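S.K.: Just dropping this structure here.
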Amino acid sequence: QELVALGAANALGAFFQSFPVFGALSRTAVAANAGASTPLFGVYVVLVVLLSMFALPEALYFVPWAALGALIMVACIDLLQFGEFVRLWRVSKRDLITFAVAFVCTLTLGVELGLGIAVGVSLLLVIYRSARPHTALLCEVRDRPGDWRNVRSAGGAVTQRDSRVLAFRFDSDLYFANASFFVRKIHLLLARFKAVRLVVVDMSGVNSIDASALRALAELYADLARWEHRRVLLYFAAVKESVRDTFTAGKLFKDDAAFAEHVYWTVEDAAAHWRTKHATDEDEAVDDGGGDDDGDDDDDDSGGAVGDGGSGSDVEDDEAEFEKFVFGNPMRRGSARQRARYWTSKVPKALRKEALHRAPAVEWVPLLVRNWRSYVVGDLVAGLTVGVMSVPQGIAYAALAGMPPVFGLYASLVPVLVYAALGSSRQLSLGATALVSLLTGETLTQVVGVTPGTPQYVSAAFGLALLAGLLQMALGALHAGFIVVFLSTSVINGFTTAAGILIGLSQLKHIVGVDVTSGSRPWHVLGDVFGQAPLWNWWTVGTGVVAIGVLLVVRELNRRVRFLRERFRIPGALIVTVLGALVSWAASFEARGVRVVGPIERSLPAPVLPSLASAGIMVPGAALIALVGVAESVAVASHYAALRGYTLRPSQELVALGAANALGAFFQSFPVFGALSRTAVAANAGASTPLFGVYVVLVVLLSMFALPEALYFVPWAALGALIMVACIDLLQFGEFVRLWRVSKRDLITFAVAFVCTLTLGVELGLGIAVGVSLLLVIYRSARPHTALLCEVRDRPGDWRNVRSAGGAVTQRDSRVLAFRFDSDLYFANASFFVRKIHLLLARFKAVRLVVVDMSGVNSIDASALRALAELYADLARWEHRRVLLYFAAVKESVRDTFTAGKLFKDDAAFAEHVYWTVEDAAAHWRTKHATDEDEAVDDGGGDDDGDDDDDDSGGAVGDGGSGSDVEDDEAEFEKFVFGNPMRRGSARQRARYWTSKVPKALRKEALHRAPAVEWVPLLVRNWRSYVVGDLVAGLTVGVMSVPQGIAYAALAGMPPVFGLYASLVPVLVYAALGSSRQLSLGATALVSLLTGETLTQVVGVTPGTPQYVSAAFGLALLAGLLQMALGALHAGFIVVFLSTSVINGFTTAAGILIGLSQLKHIVGVDVTSGSRPWHVLGDVFGQAPLWNWWTVGTGVVAIGVLLVVRELNRRVRFLRERFRIPGALIVTVLGALVSWAASFEARGVRVVGPIERSLPAPVLPSLASAGIMVPGAALIALVGVAESVAVASHYAALRGYTLRPSQELVALG
């Protein structure tokens, strides 16, 4: 609701001459301390501003700009966060890096670009955490058989009783973003430990699983069934009810017996069952003693060296590594000199490891030398087979990409050789593919606007390949292979299904022999083709139909006959091409009007310089091509790497594919990637090393030089048929049924990707699909699973999730609330964690202790640590009662962060707040507070909070609890635990149940959008105190808003009066829609700076001109509309995606830039060189002889007064908590008086000048530059909302009411 409110304030304000405004920390603090109780205090602020505009314009005329500049400079002190360097060095080096990146980039590259990079860093952190969750290898505790613990946290107390059994824990929900990581972890462990026959996955940290992950598990089962010529079993332990349901719905196991065989309650149950069943195989057990915590988040591309089998030396090496891992290297715990020597000694090893990592041939060349006969024969057969497929497919896909035929052959030359040298896959066949060819054609025709087949088009295609390759190489060099997984299976299937239809339709013109000129949308193609039915060439139609029939027959034979499927596939493409050419030559097809390939040049591709003339507009297309191509290639290569038992390295694949495209672009190649069909043929034909690609190149060269006359006669109808039949593999209509059964959310993403791609085009459709994938990751990260815990009725001390425990739970003491958080706690979800606790406390009035079960939290960052510290401060005075916060089941890494970050002042405070179990915490508190037993009220309530909803509505918050509240909670608790019986009834009953919810949902949404429903009754009951408080707050904030508004208008490049206008209509709109009762809206330093930067640097207009002013209104309108849209969609979770370290680094740099920008007002000179620090300082001190010393004196005195007032307000308790001295007002009034008395204007001191006596007339904001202003508007919206919601949330928590982030977006907008 805050998104809605803030958006509305900006959007409507833009029509009344307001530039972007948001909540200000200083004015909000003043309002809260002055007694603001409802948003109506904003009305009094508006009245004060209007009074100043109409009654005091003459006084404001004389205010010196030096005084206003001093006001802004002193305000910037609050933006500086240099203390963060020390704190982050102590707490989190990763957060220190993000702080430094944001600070340096903003200071040197400017606010716009700096903030953009900061946002990018934040999103990359979210993506990395999502794609690389915490994992752990489990071993049994030495003296406690059956007790499986993390080898790292258990230290030397663990042992490996049976090396055939490997236990592995995954501490995250399992979904598309990390499913491939999960599979690769198991692959790496199995490649390292040769004796393993059973993998047990501890699923205690997995709360949900999606369709993509379910498919990955099914494929993993197939891989393990024939892993390196041995069968490995996969069991699951500690599987939660929701995951069990997904296993059943998705039919992961064929029947109940198979389910019972693979799913167990504990790791020990699974291991014991397997040992009993395989007791006769005991002689196979080899104690390899190895272990690997895998608790880090690294890319793990290097894996372990994979040979053909285990040996005694392998076992000894594993034991030594296990010892080093568990006990650590003693030099890491020594003196500073020893630690420095230890880390210095690692540098050469790291460089050597990176060099080997970039040379995959180091692994397969020794195998080739040892088995050269079988390997060379296999590669030769695979190369010849794939080569004869590559020729017709290359020509066909070149046409699909809009390129002349010969370039389809060129694409199978240099790129294939480059990949053979650098690729880590030994079976991947590189070349043109249907999807990437379609994307290439769409990008060049729709985005770049060049005509297919022309020299400009061909050169642009080379440039597109170069851009895609460079992007891939950069990501690979940074080990950013994890990025390629961010297309969920449902999204990619929806996209490929639509793309398959589009590709198939695009070939209709070749099948019937007519041209399509209207466009590439389905209705355009069908309209053109069938509208020209009288012009169809029936020889062409016959050729196409026969070719399709032959290809379909061959396809079915290859699928159904086992020998053909596994050993030798009939080359249907080759048969159709050869027969088509022969019939075409014999029957003189060209003379009968059948279109043929035509002449193919007999020459090698000469080196060229790819055209980058349109690089700027090609970058998004190149990024999408890189994303789809790499995702497709890595998925295929991973499958065959798993089957052949070697390690695929995604980051090295990025480098290899990128180098193949980048170097290929200089030898006339358009974008190429790995093809599923050709890779399957290569693997089945016996490809064992990437050298099979050399034989593919030789076959293609032979075709180019020996068979160009034969290729001349190949009918385009045959090649079109080839592409159409190949598209059948892209169609995934069966996904509709499967996803309906498994996951409705995945079904929606499938449908969105399918419909958008089919109707809006491949480029835009894929962009939306990628956006949907990223939003899903962001949503899951920002809204992890949580649960309210209660004790099991007959087992005191056993705390369980109220949802999974059903009716077996009870609430023994309603003063104690236990809450579990099932995710790492970091900047993306820290505010959600705090709000969940706020909502629970607002609902259950009797609670005095909150115990947080941290068993699902593996790490915590600096942002979350700060949020916890603020939460402690909030709870210390929550609704006039003190609530304590205890932590239970805290892992070692989190304990270390608590200590390093000084969350607790000493060891005694740590021991008072951190416990091993929830029951320990509750028991300690009860013992300590036994005398307060009479306060306990059994409210019986419970809420699982296991859903991922936005929870903006929360619960209604009153002034206190009552008996009726308790009864309502008990009834809701019963309904929650046992469920509404109509939800489990017949189809008619279920339909009636859900239909009955619609009016309630609409009523809830209406109330949600009208926050006044909550505070108006309070105003009516306590109108005297509320009106007085609001009046005092409004008058106080109003007198601050006048000088600050004028000063911040100048910072934004606007005339002074617009700073006053910004405190009129937006403030009134927010008072009607905002859910915060203390937030003070108006111009702020950060947003004013961003406004000025966007309009001058991006739009390129001159500050103060009518065009500039109108563009500022347009910028406010765009920011407001964006906020309102996000708020209406309940997307308030998006505003948390700036970590504390990133926003602190940005604001620190911005504070310096803002302060430096005011130096010109302090000394009375102009700055013309630019806004970078060196430009400003050079201009200011380069004009030292021109300084106006009256201006300098005014500025220095004003700064001194403001600093003194600031320190008094900070140090004197009464001033800090009750009444702040209005320093801004004092400086403004004194400055105006002295300026008037001493005739400052005559002495060359710059003053504000005349201010118009008029209300802001309605205007139409200028959107002439809307396209280029959108990124700036988005950054302004992001920063402004993050700042506003953070301030508003703090005061909402102190006053005990619910803030609604989505409504804030609407109100601000």
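In the structure tokens, chains take the letters A, B, ... in the order shown, each chain's residues start at 1, and ligands count up from 1 in the order shown.
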Which residues are near Leu582 of chain A? Cut-off 10 Å, only C-alpha atoms, ignore same chain within fewer than 4 positions. Put them as a PyMOL selection string.
M.R.: chain A and resi 576-578+586-588+710-711+713-715
S.K.: So that I can check the secondary structure, give me every residue of segment 671-848 of chain A assigned alpha helix (DSSP H) by backbone DSSP, as a PyMOL selection string.
M.R.: chain A and resi 676-685+692-706+708-712+716-726+734-742+744-760+762-782+802-805+827-843
S.K.: Please identify the strand (DSSP E) residues within segment 606-794 of chain A (assignment by DSSP from backbone atoms) and present them as an MDAnalysis selection string.
M.R.: chainID A and resid 673:674 786:792
S.K.: Give me the residues within 12 Å of segment 459-462 of chain A as number ranges by chain, counting only C-alpha atoms and dropping any in the same chain fewer than 3 places off.
M.R.: A: 398, 401-404, 407, 410-411, 436-437, 439-445, 447-456, 465-469, 607-615, 617-618, 621-622, 625, 661-672
S.K.: Which residue is closest to Tyr221 of chain A? Choose from A:Leu252, A:Ala11, A:Leu871, A:Leu380 and count only C-alpha atoms.
M.R.: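 Distance minimum relative to Tyr221 of chain A lands on A:Leu252.
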S.K.: Give me, as a short mmCIF file (atom, residue, chain, number, x, y, z; two decimals) with all heavy atoms, in the first residue's frame, all polymer residues having an atom no more than 10 Å from Gly1145 of chain A, counting only C-alpha atoms and skipping those fewer than 6 positions away in the same chain.
M.R.:
```
data_model
loop_
_atom_site.label_atom_id
_atom_site.label_comp_id
_atom_site.auth_asym_id
_atom_site.auth_seq_id
_atom_site.Cartn_x
_atom_site.Cartn_y
_atom_site.Cartn_z
N LEU A 79 24.10 11.35 5.83
CA LEU A 79 24.23 10.37 4.75
C LEU A 79 25.57 9.64 4.80
O LEU A 79 25.71 8.57 4.20
CB LEU A 79 24.08 11.05 3.39
CG LEU A 79 22.73 11.70 3.08
CD1 LEU A 79 22.80 12.38 1.71
CD2 LEU A 79 21.62 10.67 3.09
N LEU A 80 26.55 10.21 5.47
CA LEU A 80 27.89 9.63 5.48
C LEU A 80 27.96 8.46 6.47
O LEU A 80 27.57 8.58 7.63
CB LEU A 80 28.93 10.69 5.86
CG LEU A 80 28.90 11.97 5.00
CD1 LEU A 80 29.99 12.94 5.45
CD2 LEU A 80 29.07 11.64 3.52
N GLN A 81 28.45 7.33 5.98
CA GLN A 81 28.49 6.11 6.78
C GLN A 81 29.89 5.50 6.76
O GLN A 81 30.07 4.31 6.52
CB GLN A 81 27.49 5.09 6.21
CG GLN A 81 26.06 5.57 6.12
CD GLN A 81 25.38 5.61 7.47
OE1 GLN A 81 25.80 4.93 8.41
NE2 GLN A 81 24.34 6.41 7.59
N PHE A 82 30.91 6.33 7.05
CA PHE A 82 32.27 5.82 6.99
C PHE A 82 32.56 4.77 8.08
O PHE A 82 33.45 3.94 7.93
CB PHE A 82 33.27 6.97 7.11
CG PHE A 82 33.29 7.86 5.90
CD1 PHE A 82 32.86 9.17 5.97
CD2 PHE A 82 33.71 7.37 4.68
CE1 PHE A 82 32.86 9.98 4.85
CE2 PHE A 82 33.71 8.18 3.55
CZ PHE A 82 33.30 9.49 3.64
N GLU A 84 30.89 2.32 8.55
CA GLU A 84 30.55 1.01 7.98
C GLU A 84 31.80 0.25 7.56
O GLU A 84 31.81 -0.99 7.57
CB GLU A 84 29.63 1.18 6.77
CG GLU A 84 28.20 1.51 7.12
CD GLU A 84 27.51 0.33 7.78
OE1 GLU A 84 27.12 -0.62 7.09
OE2 GLU A 84 27.38 0.37 9.02
N PHE A 85 32.86 0.95 7.14
CA PHE A 85 34.08 0.26 6.73
C PHE A 85 34.58 -0.65 7.85
O PHE A 85 34.85 -1.84 7.64
CB PHE A 85 35.18 1.28 6.38
CG PHE A 85 35.11 1.77 4.96
CD1 PHE A 85 34.66 3.04 4.68
CD2 PHE A 85 35.49 0.96 3.90
CE1 PHE A 85 34.59 3.51 3.38
CE2 PHE A 85 35.42 1.42 2.59
CZ PHE A 85 34.98 2.70 2.32
N LEU A 96 31.49 -5.80 2.76
CA LEU A 96 32.46 -4.71 2.62
C LEU A 96 32.76 -4.45 1.15
O LEU A 96 32.87 -3.30 0.72
CB LEU A 96 33.75 -5.06 3.38
CG LEU A 96 34.88 -4.02 3.29
CD1 LEU A 96 34.44 -2.70 3.91
CD2 LEU A 96 36.14 -4.54 3.98
N ILE A 97 32.88 -5.52 0.36
CA ILE A 97 33.15 -5.37 -1.07
C ILE A 97 31.99 -4.66 -1.76
O ILE A 97 32.19 -3.75 -2.57
CB ILE A 97 33.40 -6.76 -1.71
CG1 ILE A 97 34.72 -7.35 -1.19
CG2 ILE A 97 33.43 -6.66 -3.23
CD1 ILE A 97 34.95 -8.78 -1.59
N THR A 98 30.75 -5.05 -1.44
CA THR A 98 29.61 -4.38 -2.08
C THR A 98 29.51 -2.92 -1.66
O THR A 98 29.17 -2.06 -2.48
CB THR A 98 28.29 -5.11 -1.75
OG1 THR A 98 28.10 -5.13 -0.33
CG2 THR A 98 28.31 -6.54 -2.25
N PHE A 99 29.82 -2.63 -0.39
CA PHE A 99 29.86 -1.23 0.08
C PHE A 99 30.87 -0.44 -0.76
O PHE A 99 30.59 0.65 -1.26
CB PHE A 99 30.22 -1.19 1.56
CG PHE A 99 30.33 0.21 2.14
CD1 PHE A 99 29.26 0.78 2.79
CD2 PHE A 99 31.51 0.93 2.02
CE1 PHE A 99 29.36 2.06 3.33
CE2 PHE A 99 31.62 2.21 2.54
CZ PHE A 99 30.54 2.77 3.21
N ALA A 100 32.09 -1.01 -0.90
CA ALA A 100 33.16 -0.32 -1.62
C ALA A 100 32.80 -0.12 -3.09
O ALA A 100 33.06 0.94 -3.67
CB ALA A 100 34.46 -1.10 -1.48
N VAL A 101 32.20 -1.15 -3.72
CA VAL A 101 31.81 -1.04 -5.13
C VAL A 101 30.80 0.09 -5.32
O VAL A 101 30.94 0.94 -6.22
CB VAL A 101 31.23 -2.37 -5.64
CG1 VAL A 101 30.53 -2.19 -6.98
CG2 VAL A 101 32.32 -3.42 -5.77
N ALA A 102 29.76 0.11 -4.47
CA ALA A 102 28.74 1.15 -4.58
C ALA A 102 29.34 2.53 -4.34
O ALA A 102 29.04 3.50 -5.06
CB ALA A 102 27.60 0.88 -3.59
N PHE A 103 30.21 2.65 -3.34
CA PHE A 103 30.82 3.94 -2.98
C PHE A 103 31.71 4.46 -4.11
O PHE A 103 31.55 5.59 -4.59
CB PHE A 103 31.63 3.78 -1.70
CG PHE A 103 32.40 5.01 -1.30
CD1 PHE A 103 31.75 6.09 -0.70
CD2 PHE A 103 33.76 5.11 -1.53
CE1 PHE A 103 32.44 7.23 -0.34
CE2 PHE A 103 34.47 6.24 -1.17
CZ PHE A 103 33.81 7.31 -0.57
N VAL A 104 32.62 3.62 -4.59
CA VAL A 104 33.58 4.06 -5.60
C VAL A 104 32.88 4.35 -6.93
O VAL A 104 33.16 5.37 -7.58
CB VAL A 104 34.68 2.99 -5.79
CG1 VAL A 104 35.58 3.35 -6.96
CG2 VAL A 104 35.51 2.85 -4.52
N CYS A 105 31.95 3.47 -7.34
CA CYS A 105 31.26 3.67 -8.62
C CYS A 105 30.41 4.94 -8.61
O CYS A 105 30.39 5.69 -9.59
CB CYS A 105 30.39 2.47 -8.95
SG CYS A 105 31.33 0.99 -9.38
N THR A 106 29.71 5.19 -7.50
CA THR A 106 28.89 6.40 -7.42
C THR A 106 29.75 7.65 -7.42
O THR A 106 29.43 8.65 -8.09
CB THR A 106 28.02 6.36 -6.15
OG1 THR A 106 27.21 5.18 -6.16
CG2 THR A 106 27.11 7.58 -6.07
N LEU A 107 30.86 7.62 -6.70
CA LEU A 107 31.72 8.79 -6.58
C LEU A 107 32.43 9.11 -7.90
O LEU A 107 32.60 10.27 -8.26
CB LEU A 107 32.77 8.56 -5.48
CG LEU A 107 33.41 9.79 -4.84
CD1 LEU A 107 32.36 10.68 -4.21
CD2 LEU A 107 34.43 9.36 -3.79
N GLY A 114 26.35 4.79 -10.93
CA GLY A 114 26.77 4.18 -9.66
C GLY A 114 25.65 3.42 -9.00
O GLY A 114 25.83 2.29 -8.53
N LEU A 115 24.46 4.04 -8.98
CA LEU A 115 23.32 3.35 -8.37
C LEU A 115 22.90 2.15 -9.21
O LEU A 115 22.53 1.10 -8.68
CB LEU A 115 22.14 4.31 -8.21
CG LEU A 115 20.91 3.73 -7.53
CD1 LEU A 115 21.24 3.16 -6.16
CD2 LEU A 115 19.81 4.76 -7.43
N ALA A 118 25.15 -0.55 -8.31
CA ALA A 118 24.81 -1.03 -6.96
C ALA A 118 23.61 -1.97 -6.98
O ALA A 118 23.60 -3.02 -6.33
CB ALA A 118 24.53 0.16 -6.04
N SER A 1139 20.79 -4.00 -0.58
CA SER A 1139 21.32 -4.39 0.73
C SER A 1139 21.77 -3.15 1.49
O SER A 1139 22.07 -2.10 0.91
CB SER A 1139 22.50 -5.35 0.56
OG SER A 1139 23.60 -4.69 -0.03
N GLY A 1151 26.29 11.62 -0.48
CA GLY A 1151 26.43 12.70 0.49
C GLY A 1151 27.62 13.59 0.18
O GLY A 1151 27.54 14.83 0.28
#
```
S.K.: Please indicate the distance in Å from atom CA of Phe253 of chain A to atom CA of His187 of chain A, rounded to one decimal place.
M.R.: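 Going from atom CA of Phe253 of chain A over to atom CA of His187 of chain A covers 21.1 Å.
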S.K.: For the atom pair atom CA of Val852 of chain A and atom CA of Arg800 of chain A, what is the interatomic distance in Å to one decimal place?
M.R.: 12.8 Å
S.K.: I'd like the contact shell of Tyr915 of chain A - 12 Å cut-off, only C-alpha atoms, skipping same-chain residues fewer than 5 positions apart - returned as a ChimeraX atom specification.
M.R.: /A:851-855,885-891,895,909-910,920-925
S.K.: Output C-alpha atoms for every residue in the selection just made, as a compact mmCIF listing (two decimals), in the first residue's frame.
M.R.:
```txt
# COMPACT_ATOMS: atom_id res chain seq x y z
CA VAL A 851 11.82 -17.42 20.39
CA VAL A 852 13.22 -17.68 16.86
CA ASP A 853 14.17 -21.21 15.79
CA MET A 854 17.28 -20.59 13.62
CA SER A 855 17.82 -24.21 12.55
CA LEU A 885 13.73 -11.87 21.67
CA TYR A 886 15.61 -15.17 22.10
CA PHE A 887 17.31 -17.35 19.47
CA ALA A 888 17.41 -21.15 19.45
CA ALA A 889 19.26 -23.81 17.40
CA VAL A 890 21.79 -21.23 16.19
CA LYS A 891 24.49 -22.66 13.93
CA ARG A 895 27.00 -17.48 16.31
CA ALA A 909 24.10 -11.05 27.15
CA PHE A 910 24.91 -13.63 24.48
CA ASP A 920 15.59 -24.37 26.62
CA ALA A 921 14.78 -20.73 25.78
CA ALA A 922 11.14 -20.99 26.86
CA ALA A 923 12.02 -22.85 30.09
CA HIS A 924 14.68 -20.30 31.03
CA TRP A 925 12.27 -17.43 30.48
```
S.K.: Counting only C-alpha atoms, which of A:Met1124, A:Ile600, A:Val630, A:Val512 gets nearest to Leu409 of chain A?
M.R.: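 Of all the options, A:Ile600 lies closest to Leu409 of chain A.
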S.K.: For each of A:Gln393, A:Asn1144, A:Ser92, A:Asn207, take the minimum atom-to-atom distance to Val239 of chain A, counting only C-alpha atoms, then give the residue where this is smallest.
M.R.: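 Looking at the shortest contact to Val239 of chain A, the residue is A:Asn207.
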S.K.: Could you name the residues that touch segment 1183-1199 of chain A at 7 Å or less, counting only C-alpha atoms, but leaving out those on the same chain fewer than 6 positions away, as a PyMOL selection string?
M.R.: chain A and resi 66-67+70+74+1162-1165+1227+1245
S.K.: Do a neighbour search on Ser1254 of chain A at 8 Å with only C-alpha atoms, toss out local chain neighbours closer than 2 positions, and write the hits as a PyMOL selection string.
M.R.: chain A and resi 53-54+1252+1256
